[in-house]
Each structure stands twice: as structure tokens, then as C-alpha cells.
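Reviewing the structure listed below.
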Amino acid sequence: MEVKSVKETHSELTMHSVRFAKDEQGRRKGQDVLFKWPEIEKKLGEHKHIYVVDARLGSNNHTHRLWYDVIPPHTEEGQEWRTLGHRHTVEAIIYFLKGKGHSIIDGVRYDWGPGDLLSVPMFSWHRHVNDGDEPVLRIASTTGPLSLGLGQAVYEDERYPEFWIYAQEGEDARKTLIPGGGGQIDNGQVGKNRAAEMYAEQVAFAMHEEQMRRKSKVLVKQQDLVFEPTAMGKLAYVVDPRIGFHSKALGVVMAEIPPGKRSGGHRHLYDEIDLIVGGKGKVIVEDKEFDFDTLDVLSIPVFQWHQYFNTGTEPLRILGINTRLAMDNLGLSLTHQGEHADYV
Ligand SMILES: [Fe+2]
Ligand SMILES: [Fe+2]
């Protein structure tokens, strides 16, 4: 095998790494921040599934994405889904804005309506069905870009079995939440020594993860959100491992700001996408200001200071979807608190 690095390329590759952070700062400065609902709505009229924040569409967001979607009355997402639906090696949350229906996730039924949220456990088969007479309007956010970057994105869809890489391997492989797992697995324990124990733990890791995914909380009903005062203003943690979710990458909070008030200001080393679920306001992102309204989407650049202001007459509610947990697990999370909120 030829070793491709020569002196010239070697220097180029080294400088690519050295330059990256500074180049990335520039890309963050130029990235799109605000996506307006009227434009999203117009596009949803042409196609019922619209990617809004997505690295494949030029967004600078490296770890998660957000899309809007409509499920027409009495139909199901993915019309040919009848038993399995689909499953993927990405974490996903779904937030329902209008309509009502149910989802079957890993064989369990969950009924939902406006303001409810689903956290779909990794690699669990799932289907979503509109049971009502109104269209279901929802957003979903997933760690698709992160898994694609890792080279470990697996999406198995009932409609496209020709692209399955695991589910065709039999009943066990189809039922398990472990990509590539299922069936009888050797526990790997040979001998009684520290290395043998450590290796056996490694072999058992996936089975442990599967159990934790199956124990994870899945559905959050709007009425169960608990808002409490923080430096950033009133916050309800929606999806977080500290409140019963087995999430490793994707976390969700809901912020509430009363009319005329402002949140705290902060910056952090993780991607954040916000959905405005009620009210109107403005956000200052570093040296720029953006006015937003209900159903608009904000993509907050990594490590840029941001602060929200309620400029309307209704409470402002913002669903913040972030990949803080992924950065926690890499040991890279950093959050700087600036000015505190002006209310409690
Ligand atoms: Fe999904
Ligand atoms: Fe933030």
C-alpha cells in the first residue's frame, strides 16, 4: 500500500488542522441564524417534509439538524409503513405543534397532542400516525450529521429493505436496539484478572446500553413541564439524562420569558437550534439582532453570545434543542454565563 503523504502534502494537512478553528470562527460569523415561518409554511405547501437547518443544505451546524413536517389527517408518516416504520443510529426528538395522534416506538404506543414531545431511543423502530381530522404539524431534530460524520449513520426503513444492513439477519437482529447485535453473544470472560474483567465489560457494553434505552423516558406531556428560575430566566429541562432520559448527545430545554422581560445572556461550545413555540421577540447574537415570531427557527452559532427579549404581549416560549450532551461526553462542554435574566 502506498503511503500518500509527501513533504508538501504533509505541511498542507498540518496547516489545515492549525487553521481550522480560525476558519470556523469566520464560518460561524457568516452562518444563517433566522429561518422565518412564512417561508417554511410556503415550502410545506409544496412538499410536506422540509429540512430547515441541515449541514447538507449549507448550514454550519455539524452535530444536529431540524426539519418541519406535516402528516395529513388519518394517515401515517411513510405511507407504506405498516409494521416496523424505521429506526436509526441517531438520537431524535419530535415536538408536536398541531393535531393529535400516536406513535408506536419499540412496540409501545404513545398518544400525543400539541405541546407534547417524544425522545425516540436510539435504533428503536418507530411509526407516527395522525388519528385526527386536522393535519399534524411537527418538527423533528436529530443527531444525523454527527452520526454521518462518524461514518456510523444507519437508517433502516421498512420501505427500503434493500438498504438494510442488519434487520434482514433474522428476528433477533430485527428486535434488538443494538446495531449489529441480537442473538447469543459470548460474554468474553476468560480467566480472573483485571484485563479479562475489563474486556468482558467492553463486550457487555452494548447490552447494557440496550437495557438503558429500553428504560429511558420517551414521552413528555406539555402539562408536565416544570419551570424554575435560573440565571437564564425560567427554564424547564425537557430531555436530559438527569431526569430519566438515556440521551448521550441531544438535550432539550424550554425557556419562558414574560412580556417586556429578557433572558440571561450566555455562550457555549455546543450547537443549539431554537424553535419559537409561542410569542414574539428578538435575539441578540454577538453584534447582530434578529426579530422573530411564533414558529420561526433560530440556529445559534457555537460560542457566540446570545440573549432573548420578549417584545410582544404574550409569554415567549422557546424550545432549545442542543447537542450539549455530546460535548459533555467528549469532555469539551463549556458554558459562559453573562448578564442574568431580569425576572424570576
Ligand atoms: Fe425517525
Ligand atoms: Fe444557548
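Labels used: A, B, ... for chains in the order of the C-alpha cells, numbers from 1 for residues in each chain, and numbers from 1 for ligands as shown.
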Which polymer residues have any atom within 10 Å of an atom of A:Thr142, counting only C-alpha atoms, with same-chain residues fewer than 3 positions away left out, as a short mmCIF file (atom, residue, chain, number, x, y, z; two decimals) with all heavy atoms, in the first residue's frame?
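Okay, around-v9.cif is ready:
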```cif
data_model
loop_
_atom_site.label_atom_id
_atom_site.label_comp_id
_atom_site.auth_asym_id
_atom_site.auth_seq_id
_atom_site.Cartn_x
_atom_site.Cartn_y
_atom_site.Cartn_z
N THR A 63 -23.60 19.01 14.19
CA THR A 63 -23.98 17.87 15.02
C THR A 63 -25.46 17.49 14.97
O THR A 63 -25.79 16.34 15.17
CB THR A 63 -23.61 18.11 16.50
OG1 THR A 63 -24.19 19.35 16.93
CG2 THR A 63 -22.10 18.16 16.70
N HIS A 64 -26.35 18.45 14.75
CA HIS A 64 -27.76 18.07 14.63
C HIS A 64 -28.45 18.90 13.55
O HIS A 64 -27.85 19.81 12.97
CB HIS A 64 -28.50 18.09 15.97
CG HIS A 64 -28.66 19.43 16.65
ND1 HIS A 64 -27.78 20.47 16.54
CD2 HIS A 64 -29.64 19.88 17.49
CE1 HIS A 64 -28.19 21.50 17.28
NE2 HIS A 64 -29.33 21.16 17.86
N ARG A 65 -29.69 18.52 13.24
CA ARG A 65 -30.45 19.21 12.19
C ARG A 65 -31.88 19.38 12.66
O ARG A 65 -32.27 18.82 13.70
CB ARG A 65 -30.41 18.41 10.89
CG ARG A 65 -31.01 17.03 11.00
CD ARG A 65 -31.18 16.38 9.61
NE ARG A 65 -29.93 16.02 8.99
CZ ARG A 65 -29.59 14.78 8.62
NH1 ARG A 65 -30.42 13.78 8.83
NH2 ARG A 65 -28.44 14.55 8.06
N LEU A 66 -32.66 20.15 11.92
CA LEU A 66 -34.08 20.30 12.27
C LEU A 66 -34.90 20.34 10.99
O LEU A 66 -34.51 20.98 10.02
CB LEU A 66 -34.31 21.60 13.06
CG LEU A 66 -35.77 21.85 13.47
CD1 LEU A 66 -35.87 22.34 14.91
CD2 LEU A 66 -36.50 22.80 12.52
N TRP A 67 -36.00 19.59 11.01
CA TRP A 67 -36.92 19.66 9.89
C TRP A 67 -38.36 19.82 10.36
O TRP A 67 -38.70 19.48 11.49
CB TRP A 67 -36.79 18.49 8.94
CG TRP A 67 -36.62 17.12 9.53
CD1 TRP A 67 -35.44 16.48 9.76
CD2 TRP A 67 -37.65 16.21 9.92
NE1 TRP A 67 -35.67 15.25 10.27
CE2 TRP A 67 -37.02 15.05 10.37
CE3 TRP A 67 -39.03 16.24 9.91
CZ2 TRP A 67 -37.72 13.93 10.84
CZ3 TRP A 67 -39.74 15.14 10.37
CH2 TRP A 67 -39.08 14.01 10.83
N HIS A 88 -32.99 4.19 13.47
CA HIS A 88 -31.72 4.81 13.07
C HIS A 88 -30.76 4.95 14.24
O HIS A 88 -31.17 5.02 15.40
CB HIS A 88 -31.96 6.17 12.42
CG HIS A 88 -33.11 6.95 12.98
ND1 HIS A 88 -33.10 7.46 14.25
CD2 HIS A 88 -34.31 7.28 12.45
CE1 HIS A 88 -34.24 8.09 14.47
NE2 HIS A 88 -35.01 8.00 13.41
N THR A 89 -29.49 5.02 13.89
CA THR A 89 -28.44 5.16 14.91
C THR A 89 -28.19 6.64 15.20
O THR A 89 -27.04 7.07 15.35
CB THR A 89 -27.12 4.53 14.43
OG1 THR A 89 -26.76 5.16 13.19
CG2 THR A 89 -27.22 3.05 14.27
N VAL A 90 -29.27 7.42 15.23
CA VAL A 90 -29.15 8.83 15.62
C VAL A 90 -30.19 9.07 16.70
O VAL A 90 -31.22 8.41 16.74
CB VAL A 90 -29.37 9.79 14.43
CG1 VAL A 90 -28.46 9.43 13.27
CG2 VAL A 90 -30.82 9.82 13.97
N GLU A 91 -29.90 10.01 17.60
CA GLU A 91 -30.91 10.39 18.59
C GLU A 91 -31.89 11.36 17.91
O GLU A 91 -31.49 12.15 17.05
CB GLU A 91 -30.26 11.04 19.81
CG GLU A 91 -29.47 10.03 20.61
CD GLU A 91 -28.94 10.55 21.94
OE1 GLU A 91 -29.08 11.75 22.24
OE2 GLU A 91 -28.36 9.74 22.68
N ALA A 92 -33.14 11.27 18.31
CA ALA A 92 -34.17 12.11 17.68
C ALA A 92 -35.16 12.62 18.71
O ALA A 92 -35.51 11.90 19.65
CB ALA A 92 -34.91 11.30 16.61
N ILE A 93 -35.57 13.86 18.54
CA ILE A 93 -36.72 14.34 19.30
C ILE A 93 -37.76 14.87 18.30
O ILE A 93 -37.41 15.35 17.21
CB ILE A 93 -36.37 15.42 20.36
CG1 ILE A 93 -35.88 16.71 19.71
CG2 ILE A 93 -35.36 14.92 21.36
CD1 ILE A 93 -36.93 17.79 19.72
N ILE A 94 -39.01 14.74 18.69
CA ILE A 94 -40.11 15.24 17.87
C ILE A 94 -40.98 16.11 18.76
O ILE A 94 -41.31 15.71 19.89
CB ILE A 94 -40.93 14.07 17.30
CG1 ILE A 94 -40.06 13.24 16.37
CG2 ILE A 94 -42.16 14.58 16.55
CD1 ILE A 94 -40.64 11.90 16.05
N SER A 119 -38.92 11.65 22.75
CA SER A 119 -37.49 11.41 22.62
C SER A 119 -37.37 9.94 22.20
O SER A 119 -37.67 9.04 22.98
CB SER A 119 -36.82 11.65 23.98
OG SER A 119 -35.50 11.19 23.96
N VAL A 120 -36.98 9.72 20.96
CA VAL A 120 -37.00 8.36 20.39
C VAL A 120 -35.69 7.65 20.73
O VAL A 120 -34.63 8.11 20.31
CB VAL A 120 -37.18 8.43 18.85
CG1 VAL A 120 -37.21 7.03 18.25
CG2 VAL A 120 -38.44 9.20 18.48
N PRO A 145 -26.27 14.53 11.42
CA PRO A 145 -24.95 14.98 10.96
C PRO A 145 -23.80 14.40 11.78
O PRO A 145 -22.75 14.04 11.23
CB PRO A 145 -25.01 16.50 11.12
CG PRO A 145 -26.46 16.83 11.10
CD PRO A 145 -27.17 15.65 11.73
N LEU A 146 -24.01 14.28 13.09
CA LEU A 146 -22.97 13.72 13.96
C LEU A 146 -22.68 12.27 13.58
O LEU A 146 -21.52 11.87 13.40
CB LEU A 146 -23.43 13.81 15.42
CG LEU A 146 -22.49 13.31 16.51
CD1 LEU A 146 -21.21 14.12 16.55
CD2 LEU A 146 -23.17 13.37 17.87
N SER A 147 -23.75 11.47 13.41
CA SER A 147 -23.55 10.05 13.05
C SER A 147 -22.98 9.89 11.65
O SER A 147 -22.17 8.99 11.40
CB SER A 147 -24.88 9.29 13.15
OG SER A 147 -25.29 9.25 14.49
N ALA A 249 -26.41 12.52 23.43
CA ALA A 249 -25.99 13.60 22.51
C ALA A 249 -26.96 14.78 22.50
O ALA A 249 -26.54 15.92 22.50
CB ALA A 249 -25.84 13.03 21.11
N LEU A 250 -28.25 14.48 22.48
CA LEU A 250 -29.26 15.51 22.22
C LEU A 250 -30.02 15.85 23.51
O LEU A 250 -30.57 14.95 24.15
CB LEU A 250 -30.23 14.96 21.17
CG LEU A 250 -31.07 15.90 20.33
CD1 LEU A 250 -30.21 16.89 19.58
CD2 LEU A 250 -31.91 15.09 19.36
N ILE A 321 -33.04 23.15 21.45
CA ILE A 321 -32.59 21.77 21.20
C ILE A 321 -31.09 21.84 20.97
O ILE A 321 -30.63 22.57 20.09
CB ILE A 321 -33.30 21.20 19.95
CG1 ILE A 321 -34.82 21.35 20.10
CG2 ILE A 321 -32.91 19.74 19.73
CD1 ILE A 321 -35.55 21.31 18.77
N ASN A 322 -30.32 21.12 21.76
CA ASN A 322 -28.87 21.30 21.69
C ASN A 322 -28.13 19.96 21.76
O ASN A 322 -28.71 18.94 22.14
CB ASN A 322 -28.41 22.20 22.84
CG ASN A 322 -28.76 21.61 24.19
OD1 ASN A 322 -28.22 20.58 24.57
ND2 ASN A 322 -29.68 22.22 24.92
N THR A 323 -26.86 20.00 21.40
CA THR A 323 -26.04 18.78 21.49
C THR A 323 -25.00 18.94 22.60
O THR A 323 -23.86 18.51 22.48
CB THR A 323 -25.38 18.47 20.14
OG1 THR A 323 -24.81 19.66 19.61
CG2 THR A 323 -26.37 17.90 19.15
#
```
DSSP helix (DSSP H, G or I) residues within stretch 162-276 of chain A, as a VMD selection string: chain A and resid 162 to 163 167 to 169 171 to 175 194 to 215 222 to 224 241 to 243
Surrounding residues of A:His268 excluding itself and chain neighbours under 6 positions, 12 Å, only C-alpha atoms, as a PyMOL selection string: chain A and resi 300-306+322-324+327-328+332-338
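Here atom CA of A:Phe205 and atom CA of A:Leu330 stand 17.8 Å from one another.
With only C-alpha atoms as the atoms that count, the residue of A:Gly320, A:Pro241, A:Gly233, A:Pro121 with the shortest distance to A:His340 is A:Gly233.
Of the listed residues A:Tyr68, A:Tyr155, A:Ser59, A:His74, the one whose atoms come nearest to ligand 1 is A:Tyr155, with distances taken using only C-alpha atoms and all ligand atoms.
The list of residues with at least one atom within 8 Å of A:Gln189, based on only C-alpha atoms and without residues fewer than 4 positions apart in the same chain, reads Ala196, Glu197, Tyr199 and Ala200 of chain A.
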Same residues, N, CA and C atoms, output as a PDB file, in the first residue's frame:
```
ATOM      1  N   ALA A 196      -9.080  -9.308  31.892  1.00  0.00           N
ATOM      2  CA  ALA A 196     -10.205 -10.135  31.449  1.00  0.00           C
ATOM      3  C   ALA A 196     -11.528  -9.489  31.844  1.00  0.00           C
ATOM      4  N   GLU A 197     -11.573  -8.922  33.058  1.00  0.00           N
ATOM      5  CA  GLU A 197     -12.784  -8.223  33.510  1.00  0.00           C
ATOM      6  C   GLU A 197     -13.075  -7.009  32.632  1.00  0.00           C
ATOM      7  N   TYR A 199     -12.105  -6.468  29.586  1.00  0.00           N
ATOM      8  CA  TYR A 199     -12.522  -6.867  28.249  1.00  0.00           C
ATOM      9  C   TYR A 199     -13.980  -7.344  28.257  1.00  0.00           C
ATOM     10  N   ALA A 200     -14.368  -8.100  29.317  1.00  0.00           N
ATOM     11  CA  ALA A 200     -15.748  -8.597  29.412  1.00  0.00           C
ATOM     12  C   ALA A 200     -16.728  -7.418  29.531  1.00  0.00           C
TER      13      ALA A 200
END
```
Nearest-residue call for ligand 2, choices A:His266, A:Lys288, A:Arg109, A:His128, using only C-alpha atoms and all ligand atoms: A:His266
Best match for closeness to A:Leu148 among A:Asp271, A:Gly281, A:Gly99, A:Arg56, counting only C-alpha atoms: A:Arg56
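Of the residues under consideration (A:Pro259, A:Gly251, A:Gly244, A:Pro114), A:Gly251 shows the shortest atom-to-atom contact distance to A:Ser141 when counting only C-alpha atoms.
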Which of stretch 89-202 of chain A fall in strand (DSSP E), as a PyMOL selection string: chain A and resi 92-98+101-105+108-112+117-120+126-130+136-142+155-157
Keeping only N, CA, C and O atoms, take the residues you just selected and write them out as a short mmCIF file (atom, residue, chain, number, x, y, z; two decimals), in the first residue's frame.
```
data_model
loop_
_atom_site.label_atom_id
_atom_site.label_comp_id
_atom_site.auth_asym_id
_atom_site.auth_seq_id
_atom_site.Cartn_x
_atom_site.Cartn_y
_atom_site.Cartn_z
N ALA A 92 -33.14 11.27 18.31
CA ALA A 92 -34.17 12.11 17.68
C ALA A 92 -35.16 12.62 18.71
O ALA A 92 -35.51 11.90 19.65
N ILE A 93 -35.57 13.86 18.54
CA ILE A 93 -36.72 14.34 19.30
C ILE A 93 -37.76 14.87 18.30
O ILE A 93 -37.41 15.35 17.21
N ILE A 94 -39.01 14.74 18.69
CA ILE A 94 -40.11 15.24 17.87
C ILE A 94 -40.98 16.11 18.76
O ILE A 94 -41.31 15.71 19.89
N TYR A 95 -41.34 17.30 18.28
CA TYR A 95 -42.19 18.20 19.05
C TYR A 95 -43.43 18.47 18.20
O TYR A 95 -43.34 18.91 17.05
N PHE A 96 -44.61 18.21 18.79
CA PHE A 96 -45.86 18.35 18.05
C PHE A 96 -46.45 19.74 18.28
O PHE A 96 -46.61 20.17 19.42
N LEU A 97 -46.77 20.42 17.19
CA LEU A 97 -47.31 21.78 17.27
C LEU A 97 -48.82 21.80 17.07
O LEU A 97 -49.52 22.57 17.71
N LYS A 98 -49.32 20.99 16.14
CA LYS A 98 -50.77 20.95 15.88
C LYS A 98 -51.19 19.52 15.60
O LYS A 98 -50.40 18.73 15.08
N GLY A 101 -52.35 12.39 17.61
CA GLY A 101 -52.15 11.06 17.06
C GLY A 101 -51.39 10.18 18.03
O GLY A 101 -51.41 10.44 19.24
N HIS A 102 -50.77 9.15 17.49
CA HIS A 102 -49.99 8.28 18.36
C HIS A 102 -48.75 7.76 17.62
O HIS A 102 -48.69 7.82 16.38
N SER A 103 -47.82 7.29 18.40
CA SER A 103 -46.61 6.69 17.83
C SER A 103 -46.45 5.30 18.44
O SER A 103 -46.80 5.09 19.60
N ILE A 104 -45.91 4.39 17.65
CA ILE A 104 -45.52 3.08 18.17
C ILE A 104 -43.99 3.06 18.15
O ILE A 104 -43.37 3.15 17.09
N ILE A 105 -43.41 3.02 19.35
CA ILE A 105 -41.96 3.06 19.47
C ILE A 105 -41.50 1.82 20.22
O ILE A 105 -41.92 1.61 21.36
N VAL A 108 -44.34 -0.03 21.81
CA VAL A 108 -45.18 0.61 22.82
C VAL A 108 -45.91 1.80 22.20
O VAL A 108 -45.32 2.56 21.44
N ARG A 109 -47.20 1.94 22.54
CA ARG A 109 -47.98 3.05 21.98
C ARG A 109 -47.91 4.29 22.88
O ARG A 109 -48.06 4.19 24.10
N TYR A 110 -47.69 5.45 22.26
CA TYR A 110 -47.67 6.74 22.97
C TYR A 110 -48.65 7.68 22.27
O TYR A 110 -48.51 7.92 21.06
N ASP A 111 -49.63 8.22 23.00
CA ASP A 111 -50.58 9.17 22.43
C ASP A 111 -50.10 10.59 22.70
O ASP A 111 -49.64 10.89 23.80
N TRP A 112 -50.22 11.45 21.69
CA TRP A 112 -49.69 12.81 21.84
C TRP A 112 -50.62 13.84 21.20
O TRP A 112 -51.48 13.51 20.39
N LEU A 117 -43.84 16.12 23.46
CA LEU A 117 -42.54 15.85 22.82
C LEU A 117 -42.16 14.38 23.00
O LEU A 117 -42.41 13.80 24.05
N LEU A 118 -41.58 13.81 21.95
CA LEU A 118 -41.08 12.43 22.01
C LEU A 118 -39.56 12.44 21.91
O LEU A 118 -39.00 13.16 21.08
N SER A 119 -38.92 11.65 22.75
CA SER A 119 -37.49 11.41 22.62
C SER A 119 -37.37 9.94 22.20
O SER A 119 -37.67 9.04 22.98
N VAL A 120 -36.98 9.72 20.96
CA VAL A 120 -37.00 8.36 20.39
C VAL A 120 -35.69 7.65 20.73
O VAL A 120 -34.63 8.11 20.31
N HIS A 126 -39.87 2.88 14.90
CA HIS A 126 -40.94 3.79 15.28
C HIS A 126 -41.78 4.22 14.07
O HIS A 126 -41.28 4.31 12.96
N ARG A 127 -43.06 4.46 14.38
CA ARG A 127 -44.04 4.94 13.38
C ARG A 127 -44.88 6.00 14.04
O ARG A 127 -45.14 5.94 15.23
N HIS A 128 -45.33 6.99 13.25
CA HIS A 128 -46.15 8.08 13.79
C HIS A 128 -47.43 8.18 12.98
O HIS A 128 -47.38 8.27 11.75
N VAL A 129 -48.58 8.18 13.66
CA VAL A 129 -49.87 8.12 12.97
C VAL A 129 -50.74 9.30 13.40
O VAL A 129 -50.87 9.59 14.59
N ASN A 130 -51.29 10.01 12.40
CA ASN A 130 -52.24 11.10 12.67
C ASN A 130 -53.63 10.48 12.85
O ASN A 130 -54.20 9.93 11.91
N VAL A 136 -51.32 17.07 11.16
CA VAL A 136 -50.36 17.15 12.26
C VAL A 136 -49.18 17.99 11.77
O VAL A 136 -48.62 17.72 10.71
N LEU A 137 -48.85 19.04 12.54
CA LEU A 137 -47.66 19.84 12.24
C LEU A 137 -46.64 19.56 13.33
O LEU A 137 -46.96 19.64 14.52
N ARG A 138 -45.42 19.22 12.94
CA ARG A 138 -44.41 18.89 13.94
C ARG A 138 -43.03 19.27 13.43
O ARG A 138 -42.82 19.45 12.23
N ILE A 139 -42.09 19.38 14.36
CA ILE A 139 -40.68 19.49 13.99
C ILE A 139 -39.98 18.26 14.54
O ILE A 139 -40.44 17.63 15.51
N ALA A 140 -38.87 17.93 13.92
CA ALA A 140 -38.02 16.88 14.47
C ALA A 140 -36.59 17.36 14.40
O ALA A 140 -36.22 18.14 13.51
N SER A 141 -35.81 16.96 15.38
CA SER A 141 -34.39 17.29 15.36
C SER A 141 -33.63 16.00 15.67
O SER A 141 -34.02 15.25 16.57
N THR A 142 -32.58 15.75 14.91
CA THR A 142 -31.82 14.52 15.12
C THR A 142 -30.32 14.81 15.06
O THR A 142 -29.88 15.83 14.55
N TYR A 155 -29.77 4.04 8.79
CA TYR A 155 -31.21 4.30 8.77
C TYR A 155 -31.85 3.08 8.11
O TYR A 155 -31.64 2.86 6.92
N GLU A 156 -32.58 2.28 8.88
CA GLU A 156 -33.26 1.13 8.27
C GLU A 156 -34.75 1.46 8.19
O GLU A 156 -35.38 1.76 9.20
N ASP A 157 -35.29 1.42 6.95
CA ASP A 157 -36.63 1.88 6.66
C ASP A 157 -37.43 0.72 6.08
O ASP A 157 -36.96 0.06 5.14
#
```
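Each of A:Ala204, A:Ile40, A:Ala55, A:Gln222 was compared to A:Val70 using only C-alpha atoms, and A:Ile40 turns out to be the nearest.
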Near A:Ser216, counting only C-alpha atoms, which residues have an atom at most 7 Å away, once you skip same-chain residues fewer than 4 positions from it, shown as a PDB file with C-alpha atoms, in the first residue's frame?
```
ATOM      1  CA  MET A 212     -30.832   1.663  29.423  1.00  0.00           C
ATOM      2  CA  GLY A 244     -34.822   9.925  33.241  1.00  0.00           C
ATOM      3  CA  PHE A 245     -33.713  10.007  29.608  1.00  0.00           C
ATOM      4  CA  HIS A 246     -30.944   7.809  28.255  1.00  0.00           C
TER       5      HIS A 246
END
```
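Going from atom CA of A:Lys100 to atom CA of A:Asn310 covers 28.9 Å.
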Separation of atom CA of A:Gln168 from atom CA of A:Asp69, in Å and rounded to one decimal: 28.9 Å
